Each structure stands twice: as structure tokens, then as C-alpha cells.
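Below is my_file.pdb, which holds PDB, C-alpha atoms.
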ATOM      1  CA  MET A  64      -5.260 -24.812  12.790
ATOM      2  CA  PRO A  65      -4.496 -21.673  14.856
ATOM      3  CA  SER A  66      -4.435 -18.300  13.127
ATOM      4  CA  PRO A  67      -1.015 -16.950  12.167
ATOM      5  CA  LYS A  68       0.440 -14.200  14.302
ATOM      6  CA  VAL A  69       1.254 -11.891  11.374
ATOM      7  CA  SER A  70      -0.614 -11.183   8.154
ATOM      8  CA  VAL A  71       1.690  -9.793   5.475
ATOM      9  CA  ILE A  72      -0.228  -7.618   3.005
ATOM     10  CA  MET A  73       1.101  -7.616  -0.549
ATOM     11  CA  ASN A  74      -0.848  -5.722  -3.205
ATOM     12  CA  CYS A  75       0.110  -6.409  -6.786
ATOM     13  CA  TYR A  76      -0.603  -4.829 -10.143
ATOM     14  CA  ASN A  77       1.583  -6.022 -13.040
ATOM     15  CA  SER A  78       4.568  -6.346 -10.726
ATOM     16  CA  SER A  79       6.250  -9.485 -12.015
ATOM     17  CA  THR A  80       9.705  -7.924 -12.498
ATOM     18  CA  TYR A  81      10.787  -8.056  -8.846
ATOM     19  CA  LEU A  82       7.909 -10.112  -7.445
ATOM     20  CA  ARG A  83       9.691 -13.388  -6.756
ATOM     21  CA  GLU A  84      12.481 -11.590  -4.899
ATOM     22  CA  ALA A  85       9.914  -9.806  -2.733
ATOM     23  CA  ILE A  86       7.957 -12.969  -1.899
ATOM     24  CA  ASP A  87      11.155 -14.923  -1.250
ATOM     25  CA  SER A  88      12.158 -12.341   1.354
ATOM     26  CA  VAL A  89       8.973 -13.130   3.287
ATOM     27  CA  TYR A  90       9.606 -16.879   3.093
ATOM     28  CA  ALA A  91      13.177 -16.249   4.294
ATOM     29  CA  GLN A  92      11.997 -14.685   7.574
ATOM     30  CA  SER A  93      13.464 -16.164  10.745
ATOM     31  CA  TYR A  94      10.013 -15.622  12.297
ATOM     32  CA  GLU A  95       7.753 -18.267  10.760
ATOM     33  CA  ASP A  96       4.272 -17.598  12.185
ATOM     34  CA  TRP A  97       2.898 -15.590   9.276
ATOM     35  CA  GLU A  98       0.560 -15.699   6.304
ATOM     36  CA  LEU A  99       0.973 -13.743   3.069
ATOM     37  CA  ILE A 100      -2.215 -12.120   1.770
ATOM     38  CA  PHE A 101      -1.521 -11.617  -1.935
ATOM     39  CA  TRP A 102      -4.066  -9.276  -3.499
ATOM     40  CA  ASP A 103      -3.819  -9.298  -7.292
ATOM     41  CA  ASN A 104      -5.303  -5.979  -8.402
ATOM     42  CA  ALA A 105      -6.411  -7.257 -11.856
ATOM     43  CA  SER A 106      -2.876  -7.813 -13.193
ATOM     44  CA  THR A 107      -2.436  -8.784 -16.833
ATOM     45  CA  ASP A 108       1.205  -9.967 -16.674
ATOM     46  CA  ASN A 109       2.460 -13.228 -15.140
ATOM     47  CA  SER A 110       2.236 -12.018 -11.528
ATOM     48  CA  ALA A 111      -0.525 -14.533 -10.805
ATOM     49  CA  ALA A 112       1.568 -17.465 -12.037
ATOM     50  CA  ILE A 113       4.476 -16.396  -9.840
ATOM     51  CA  ALA A 114       2.296 -16.008  -6.742
ATOM     52  CA  LYS A 115       0.510 -19.315  -7.281
ATOM     53  CA  SER A 116       3.830 -21.180  -7.490
ATOM     54  CA  TYR A 117       4.241 -20.878  -3.692
ATOM     55  CA  ASP A 118       2.681 -23.009  -0.964
ATOM     56  CA  GLY A 119      -0.435 -22.445   1.142
ATOM     57  CA  LYS A 120       1.157 -19.811   3.374
ATOM     58  CA  LEU A 121       0.561 -17.466   0.443
ATOM     59  CA  ARG A 122      -3.179 -16.863   0.103
ATOM     60  CA  TYR A 123      -3.923 -15.604  -3.389
ATOM     61  CA  PHE A 124      -6.891 -13.323  -4.150
ATOM     62  CA  HIS A 125      -7.780 -11.950  -7.580
ATOM     63  CA  ALA A 126      -9.745  -8.747  -8.155
ATOM     64  CA  GLU A 127     -11.945  -8.470 -11.219
ATOM     65  CA  LYS A 128     -11.108  -4.789 -11.672
ATOM     66  CA  MET A 129      -8.303  -2.511 -10.557
ATOM     67  CA  VAL A 130      -8.995  -0.130  -7.670
ATOM     68  CA  PRO A 131      -6.808   2.544  -5.992
ATOM     69  CA  LEU A 132      -4.073   1.176  -3.770
ATOM     70  CA  GLY A 133      -5.681   2.272  -0.503
ATOM     71  CA  HIS A 134      -8.881   0.444  -1.409
ATOM     72  CA  ALA A 135      -6.901  -2.624  -2.477
ATOM     73  CA  ARG A 136      -4.975  -2.633   0.808
ATOM     74  CA  ASN A 137      -8.271  -2.555   2.714
ATOM     75  CA  LEU A 138      -9.658  -5.480   0.714
ATOM     76  CA  ALA A 139      -6.531  -7.488   1.488
ATOM     77  CA  ILE A 140      -6.650  -6.624   5.203
ATOM     78  CA  GLU A 141     -10.243  -7.852   5.358
ATOM     79  CA  MET A 142      -8.914 -11.315   4.450
ATOM     80  CA  ALA A 143      -6.199 -11.246   7.127
ATOM     81  CA  CYS A 144      -6.294 -13.613  10.105
ATOM     82  CA  GLY A 145      -3.260 -12.320  11.988
ATOM     83  CA  GLU A 146      -3.062 -10.311  15.184
ATOM     84  CA  TYR A 147      -0.467  -8.100  13.506
ATOM     85  CA  ILE A 148      -0.405  -6.526  10.039
ATOM     86  CA  ALA A 149       2.735  -5.912   7.981
ATOM     87  CA  PHE A 150       3.149  -4.545   4.462
ATOM     88  CA  LEU A 151       5.473  -5.328   1.589
ATOM     89  CA  ASP A 152       5.205  -3.954  -1.939
ATOM     90  CA  CYS A 153       6.128  -6.164  -4.867
ATOM     91  CA  ASP A 154       9.356  -4.354  -5.744
ATOM     92  CA  ASP A 155      10.821  -4.168  -2.248
ATOM     93  CA  VAL A 156      12.622  -6.637   0.020
ATOM     94  CA  TRP A 157      12.660  -7.521   3.713
ATOM     95  CA  LEU A 158      15.755  -8.493   5.635
ATOM     96  CA  PRO A 159      15.485 -11.955   7.285
ATOM     97  CA  GLU A 160      15.096 -10.801  10.908
ATOM     98  CA  LYS A 161      12.487  -8.106  10.258
ATOM     99  CA  LEU A 162       9.420  -9.846  11.669
ATOM    100  CA  GLU A 163      11.319 -11.528  14.493
ATOM    101  CA  LYS A 164      12.663  -8.228  15.794
ATOM    102  CA  GLN A 165       9.446  -6.257  15.389
ATOM    103  CA  ILE A 166       7.008  -8.856  16.703
ATOM    104  CA  GLY A 167       9.293  -9.465  19.653
ATOM    105  CA  PHE A 168       9.313  -5.735  20.348
ATOM    106  CA  LEU A 169       5.528  -5.383  20.128
ATOM    107  CA  GLU A 170       4.980  -8.429  22.329
ATOM    108  CA  ALA A 171       7.240  -6.872  24.973
ATOM    109  CA  ASN A 172       5.759  -3.360  24.648
ATOM    110  CA  THR A 173       1.993  -3.681  24.755
ATOM    111  CA  ASP A 174       1.472   0.101  24.880
ATOM    112  CA  VAL A 175       2.934   0.511  21.388
ATOM    113  CA  ALA A 176       0.415   0.477  18.520
ATOM    114  CA  MET A 177       2.869   0.345  15.657
ATOM    115  CA  VAL A 178       6.591  -0.064  15.092
ATOM    116  CA  TYR A 179       8.718   0.879  12.090
ATOM    117  CA  SER A 180      12.417   0.769  11.333
ATOM    118  CA  ASP A 181      15.315   2.227   9.444
ATOM    119  CA  ILE A 182      15.589   1.290   5.785
ATOM    120  CA  LEU A 183      18.122   0.737   3.015
ATOM    121  CA  SER A 184      17.729   1.783  -0.614
ATOM    122  CA  ILE A 185      18.608  -0.382  -3.613
ATOM    123  CA  ASP A 186      18.672   0.111  -7.356
ATOM    124  CA  VAL A 187      16.998  -2.016 -10.034
ATOM    125  CA  ASN A 188      19.735  -4.647  -9.706
ATOM    126  CA  GLY A 189      19.519  -4.858  -5.925
ATOM    127  CA  ASN A 190      22.705  -2.861  -5.300
ATOM    128  CA  LEU A 191      22.738  -0.544  -2.287
ATOM    129  CA  ILE A 192      22.400   3.156  -3.048
ATOM    130  CA  GLU A 193      24.761   4.954  -0.702
ATOM    131  CA  ASN A 194      23.534   8.002   1.225
ATOM    132  CA  TYR A 195      20.089   8.016  -0.410
ATOM    133  CA  LEU A 196      18.442   8.356   3.011
ATOM    134  CA  LYS A 197      21.458   9.804   4.816
ATOM    135  CA  ASN A 198      19.684  12.906   6.130
ATOM    136  CA  LYS A 199      16.403  11.246   7.054
ATOM    137  CA  LYS A 200      15.477  11.537  10.735
ATOM    138  CA  PHE A 201      13.257   9.124  12.641
ATOM    139  CA  TYR A 202      11.222   9.638  15.820
ATOM    140  CA  ARG A 203       9.569   7.488  18.470
ATOM    141  CA  GLY A 204       6.826   7.810  21.045
ATOM    142  CA  ASN A 205       4.244  10.548  20.567
ATOM    143  CA  ILE A 206       5.324  11.459  17.060
ATOM    144  CA  PHE A 207       2.182  13.128  15.705
ATOM    145  CA  GLU A 208       3.594  16.655  15.527
ATOM    146  CA  LYS A 209       6.844  15.439  13.977
ATOM    147  CA  LEU A 210       4.912  13.402  11.415
ATOM    148  CA  LEU A 211       2.922  16.466  10.403
ATOM    149  CA  ILE A 212       6.149  18.141   9.307
ATOM    150  CA  TYR A 213       7.194  15.286   7.044
ATOM    151  CA  ASN A 214       6.508  11.585   6.552
ATOM    152  CA  PHE A 215       9.506   9.618   7.777
ATOM    153  CA  ILE A 216       7.753   6.228   7.962
ATOM    154  CA  ALA A 217       8.213   3.774   5.088
ATOM    155  CA  ILE A 218       5.254   1.418   4.962
ATOM    156  CA  LEU A 219       7.399  -1.608   4.102
ATOM    157  CA  THR A 220       9.037  -1.281   7.544
ATOM    158  CA  VAL A 221       5.740  -1.090   9.474
ATOM    159  CA  VAL A 222       4.141  -3.705  11.713
ATOM    160  CA  LEU A 223       0.945  -2.661  13.512
ATOM    161  CA  ARG A 224      -1.655  -4.256  15.737
ATOM    162  CA  LYS A 225      -4.714  -5.139  13.682
ATOM    163  CA  LYS A 226      -7.031  -3.976  16.477
ATOM    164  CA  ILE A 227      -5.735  -0.431  15.993
ATOM    165  CA  LEU A 228      -7.430  -0.359  12.602
ATOM    166  CA  ASP A 229     -10.716  -1.152  14.325
ATOM    167  CA  GLU A 230     -10.224   1.978  16.425
ATOM    168  CA  VAL A 231      -8.982   4.536  13.877
ATOM    169  CA  GLY A 232     -10.301   3.023  10.646
ATOM    170  CA  MET A 233      -8.455   1.594   7.680
ATOM    171  CA  PHE A 234      -6.882   3.310   4.675
ATOM    172  CA  ASP A 235      -8.761   6.190   3.073
ATOM    173  CA  ALA A 236      -9.596   4.728  -0.344
ATOM    174  CA  SER A 237      -9.802   8.159  -1.987
ATOM    175  CA  TYR A 238      -6.011   8.602  -2.021
ATOM    176  CA  MET A 239      -3.940   7.360  -4.966
ATOM    177  CA  ILE A 240      -0.470   7.547  -3.376
ATOM    178  CA  ASP A 241      -0.407   8.916   0.164
ATOM    179  CA  GLU A 242      -2.957   6.645   1.841
ATOM    180  CA  ASP A 243      -0.267   5.345   4.211
ATOM    181  CA  TYR A 244       0.738   8.815   5.436
ATOM    182  CA  GLU A 245      -2.898   9.696   6.118
ATOM    183  CA  LEU A 246      -3.372   6.506   8.138
ATOM    184  CA  PHE A 247      -0.144   6.936  10.115
ATOM    185  CA  LEU A 248      -1.225  10.421  11.168
ATOM    186  CA  ARG A 249      -4.555   9.096  12.464
ATOM    187  CA  ILE A 250      -2.779   6.357  14.402
ATOM    188  CA  SER A 251      -0.100   8.641  15.843
ATOM    189  CA  GLU A 252      -2.634  11.247  17.014
ATOM    190  CA  SER A 253      -3.813   8.962  19.788
ATOM    191  CA  HIS A 254      -1.328   6.068  19.973
ATOM    192  CA  LYS A 255       2.338   5.515  20.692
ATOM    193  CA  ILE A 256       4.530   4.564  17.738
ATOM    194  CA  ASP A 257       8.036   3.216  18.183
ATOM    195  CA  PHE A 258      11.125   2.835  16.049
ATOM    196  CA  LEU A 259      13.854   0.224  15.733
ATOM    197  CA  ASP A 260      17.130   1.891  14.844
ATOM    198  CA  VAL A 261      18.288  -0.819  12.467
ATOM    199  CA  PRO A 262      17.588  -1.329   8.747
ATOM    200  CA  LEU A 263      15.049  -4.134   8.326
ATOM    201  CA  ALA A 264      13.979  -3.613   4.705
ATOM    202  CA  LYS A 265      15.222  -2.490   1.317
ATOM    203  CA  TYR A 266      13.312   0.055  -0.736
ATOM    204  CA  ARG A 267      13.904  -0.239  -4.474
ATOM    205  CA  ILE A 268      14.413   2.951  -6.465
ATOM    206  CA  HIS A 269      13.239   2.725 -10.072
ATOM    207  CA  GLY A 270      11.366   4.731 -12.669
ATOM    208  CA  ASN A 271       7.927   3.394 -11.789
ATOM    209  CA  ASN A 272       7.863   4.276  -8.072
ATOM    210  CA  LEU A 273       4.512   5.815  -7.223
ATOM    211  CA  CYS A 274       6.159   8.414  -4.982
ATOM    212  CA  ARG A 275       7.881   9.871  -8.042
ATOM    213  CA  LYS A 276       4.499  11.275  -9.195
ATOM    214  CA  THR A 277       5.270  14.522  -7.425
ATOM    215  CA  ASP A 278       2.251  16.543  -8.551
ATOM    216  CA  ILE A 279      -0.220  13.940  -7.242
ATOM    217  CA  LEU A 280       1.786  13.418  -4.052
ATOM    218  CA  VAL A 281       1.881  17.127  -3.235
ATOM    219  CA  LYS A 282      -1.838  17.504  -3.939
ATOM    220  CA  GLU A 283      -2.712  14.620  -1.632
ATOM    221  CA  GLN A 284      -0.398  15.738   1.172
ATOM    222  CA  ASN A 285      -1.883  19.211   0.960
ATOM    223  CA  GLN A 286      -5.357  17.684   1.268
ATOM    224  CA  ILE A 287      -4.266  15.712   4.323
ATOM    225  CA  LEU A 288      -2.750  18.785   5.970
ATOM    226  CA  ASN A 289      -5.859  20.862   5.273
ATOM    227  CA  TYR A 290      -7.884  18.336   7.260
ATOM    228  CA  TRP A 291      -5.647  18.664  10.314
ATOM    229  CA  MET A 292      -5.431  22.440   9.966
ATOM    230  CA  GLU A 293      -9.232  22.683  10.049
ATOM    231  CA  ARG A 294      -9.531  20.581  13.202
ATOM    232  CA  LYS A 295     -10.683  23.019  15.863
ATOM    233  CA  ASP A 296      -9.046  21.021  18.666
ATOM    234  CA  MET A 297      -5.557  21.357  17.197
ATOM    235  CA  GLY A 298      -3.223  23.651  19.165
ATOM    236  CA  ILE A 299      -1.067  26.494  17.894
ATOM    237  CA  LYS A 300       2.033  24.274  17.699
ATOM    238  CA  VAL A 301       0.266  21.889  15.342
ATOM    239  CA  TRP A 302      -1.037  24.857  13.332
ATOM    240  CA  PHE A 303       2.525  26.097  12.756
ATOM    241  CA  SER A 304       3.725  22.569  11.921
ATOM    242  CA  VAL A 305       1.048  22.223   9.263
ATOM    243  CA  HIS A 306       1.869  25.580   7.687
ATOM    244  CA  PHE A 307       5.574  24.763   7.648
ATOM    245  CA  MET A 308       4.831  21.491   5.871
ATOM    246  CA  LYS A 309       2.548  23.231   3.361
ATOM    247  CA  LEU A 310       5.310  25.697   2.533
ATOM    248  CA  ARG A 311       7.714  22.809   1.886
ATOM    249  CA  LEU A 312       5.119  21.183  -0.366
ATOM    250  CA  TYR A 313       4.650  24.327  -2.447
ATOM    251  CA  LEU A 314       8.409  24.684  -2.878
ATOM    252  CA  ARG A 315       8.668  21.030  -3.898
ATOM    253  CA  LEU A 316       5.885  21.437  -6.440
ATOM    254  CA  LEU A 317       7.488  24.595  -7.818
ATOM    255  CA  LYS A 318      10.784  22.745  -8.232
ATOM    256  CA  PHE A 319       8.949  19.886  -9.969
ATOM    257  CA  TYR A 320       7.293  22.208 -12.491
ATOM    258  CA  LEU A 321      10.507  24.162 -13.125
ATOM    259  CA  LEU A 322      12.508  20.972 -13.789
ATOM    260  CA  ASN A 323       9.827  19.584 -16.085
ATOM    261  CA  SER A 324       9.514  22.833 -18.032
ATOM    262  CA  ILE A 325      13.273  22.792 -18.591
ATOM    263  CA  LYS A 326      13.088  19.201 -19.834
ATOM    264  CA  VAL A 327      10.303  20.087 -22.256
ATOM    265  CA  VAL A 328      12.385  22.921 -23.714
TER     266      VAL A 328
END
Could you write out this file's structure as C-alpha cells?
Amino acid sequence: MPSPKVSVIMNCYNSSTYLREAIDSVYAQSYEDWELIFWDNASTDNSAAIAKSYDGKLRYFHAEKMVPLGHARNLAIEMACGEYIAFLDCDDVWLPEKLEKQIGFLEANTDVAMVYSDILSIDVNGNLIENYLKNKKFYRGNIFEKLLIYNFIAILTVVLRKKILDEVGMFDASYMIDEDYELFLRISESHKIDFLDVPLAKYRIHGNNLCRKTDILVKEQNQILNYWMERKDMGIKVWFSVHFMKLRLYLRLLKFYLLNSIKVV
């Protein structure tokens, strides 16, 4: 049996609430040459039972102990057989033509390492949240300097060539939240990244989103920026971009602490 063209990476930890909806959105893809690598990060709910209820296109793996998400993503990727890698978290949803549009684009544009897309936001019931990402800007081509200023790439919209990970390395397992941003910067430093200006996925907003842990997120982004700031081969334009981003991070963290101190009172 030939290897599938796309390996969809789904990492799960006690994610049963929206899990079936997420998996169903992969099975509903108009592009059918895929496998789903389901990495169960030592869940204790019924996530395993849900995942195992699907057919052989979903390959289930169970970890004996929980590890940080970046490490878990790497373990799942090591099991992948596809030429392309895509990502979907257990609370999010793909639109049916996502893989068809993105794989078609990458097949036609061999100089592109990775492609991402626009995105919709939904609430806990799957209803669209209007204007949540209204002011978000997206870029294409040599986007490294733009990406240093802020992360505009949602991992659930990404499809990348697996061979790129052999060149730049996989996720940095030391990060708890921002492992995707760190990887995208390494890819964009030396590779072309493109963008499809159409929503191809739905990001679910709820109280347990990892990105809501602002203090950890700011700490990790600051660590990432410090690395690029210390690179001696970085030009003055990159240096200013990094400092601008660091200023935004400090303001965000200050706002976070002020809001939380008011709540405590």
C-alpha cells in the first residue's frame, strides 16, 4: 500500500468534549489521500474510546506519560508516513476543502515550504464569532521579519513539506505553548511561506485555550526573541523588529497583571 500524501497530526490530552467534531472534519475532507496520526498524551477521559471508534485511516498511539505539547507533536511526526504534514488540535475544525486547496497549491509551487490560510473563530457551540480576527494581517513570501513582529500563523491552517523539518529541525520540546511560533520563525528565515486568502479552518474560543495563559506565552515569546536578537548575523532592521515586539509583549504582560489584580480585589 502506498504511503498517504498527507499526515494529519492530532495531539490529545483529555480533549473528548469537541474531539469527534474535530476528527469528523478530517474525514469530511474532499482530498482523501491522508492519514490521521492520533497521539494520546496519557489522557484519562474517554478520548481513546472516541479515537478508536474510527477506521484504519486514524492511527492511534498512546503515551504512558504526559509530555509538553512540542515534544508530543514531535513524537507524532516521527510516526508520520506522509510527504506533507498538517496539524489539527482536538477542539478545532477544518473546512472540507482545506487539504485539497493547500496540497494543490504546494504541488504547483515547489519553491514554497509551507502554506497557511485565513481562519474563522467559533464559540463553544460552534457559532461564528464576528470580527474576532478582523484586524489580523497576513503575509506571504519572505515573511521572517514580519513574523518577528507578531505571530499571524495559526497552526491549524498550516500544511508543510515534511522534508523541511529534516532541514530546520522539529519543534523545540522545551516550550509549553509557543513551540509553533518558534518553529515557524526557523522555517521562514530560510524558506518561502505562502498564504491562501480564504478561511480553511475554525478556531474554537473557550476557557481552556492554551494561548490564554498570557504570562507563560509572553515569557516564551520573549525567550524566542532573545535568541534572534543575539544572532550576530541579524541586520539592524531585524534588531528593531525584535525590540518592537518585545515592547508589545511587556505592555501585554502589564495589562494582564493589571486586569488580574483588579479581579482579585
Give one line per residue of stretch 229-270 of chain A that approaches stretch 147-167 of chain A to at most 7 Å, naming the two atoms of the closest pair and their distance in Å to one decimal, counting all atoms listed in the file; sort by chain then ascending residue number and deliver it as a Markdown table.
| residue | atom | partner | partner_atom | distance |
| --- | --- | --- | --- | --- |
| A:Leu263 | CA | A:Lys161 | CA | 5.1 |
| A:Ala264 | CA | A:Trp157 | CA | 4.2 |
| A:Lys265 | CA | A:Val156 | CA | 5.1 |
| A:Tyr266 | CA | A:Asp155 | CA | 5.1 |
| A:Arg267 | CA | A:Asp155 | CA | 5.5 |
Requested in this report: Report the residues retrieved by the PyMOL selection byres ((chain A and resi 211-214) around 7) from the displayed file, expressed as JSON, numbers by chain.
Outcome: {"A": [207, 208, 209, 210, 215, 216, 244, 304, 305, 307, 308]}
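Shortest atom-to-atom contact with A:Ser70 among A:Ile250, A:Ala126, A:Met233, A:Val89: A:Val89, counting all atoms listed in the file.
The interatomic distance for the pair atom CA of A:Asn172 and atom CA of A:Leu246 works out to 21.3 Å.
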Could you work out an axis-aligned bounding box for all listed atoms of stretch 256-264 of chain A, with 8 Å added on each of the six sides, and give its centre and edge lengths in Å to one decimal, as lines of an AutoDock Vina configuration file?
center_x = 11.4
center_y = 0.2
center_z = 11.4
size_x = 29.8
size_y = 24.7
size_z = 29.5
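For A:Glu283, the list of residues within 7 Å, based on only C-alpha atoms and with local chain neighbours fewer than 4 positions off taken out, reads Tyr238, Asp241, Ile279 and Ile287 of chain A.
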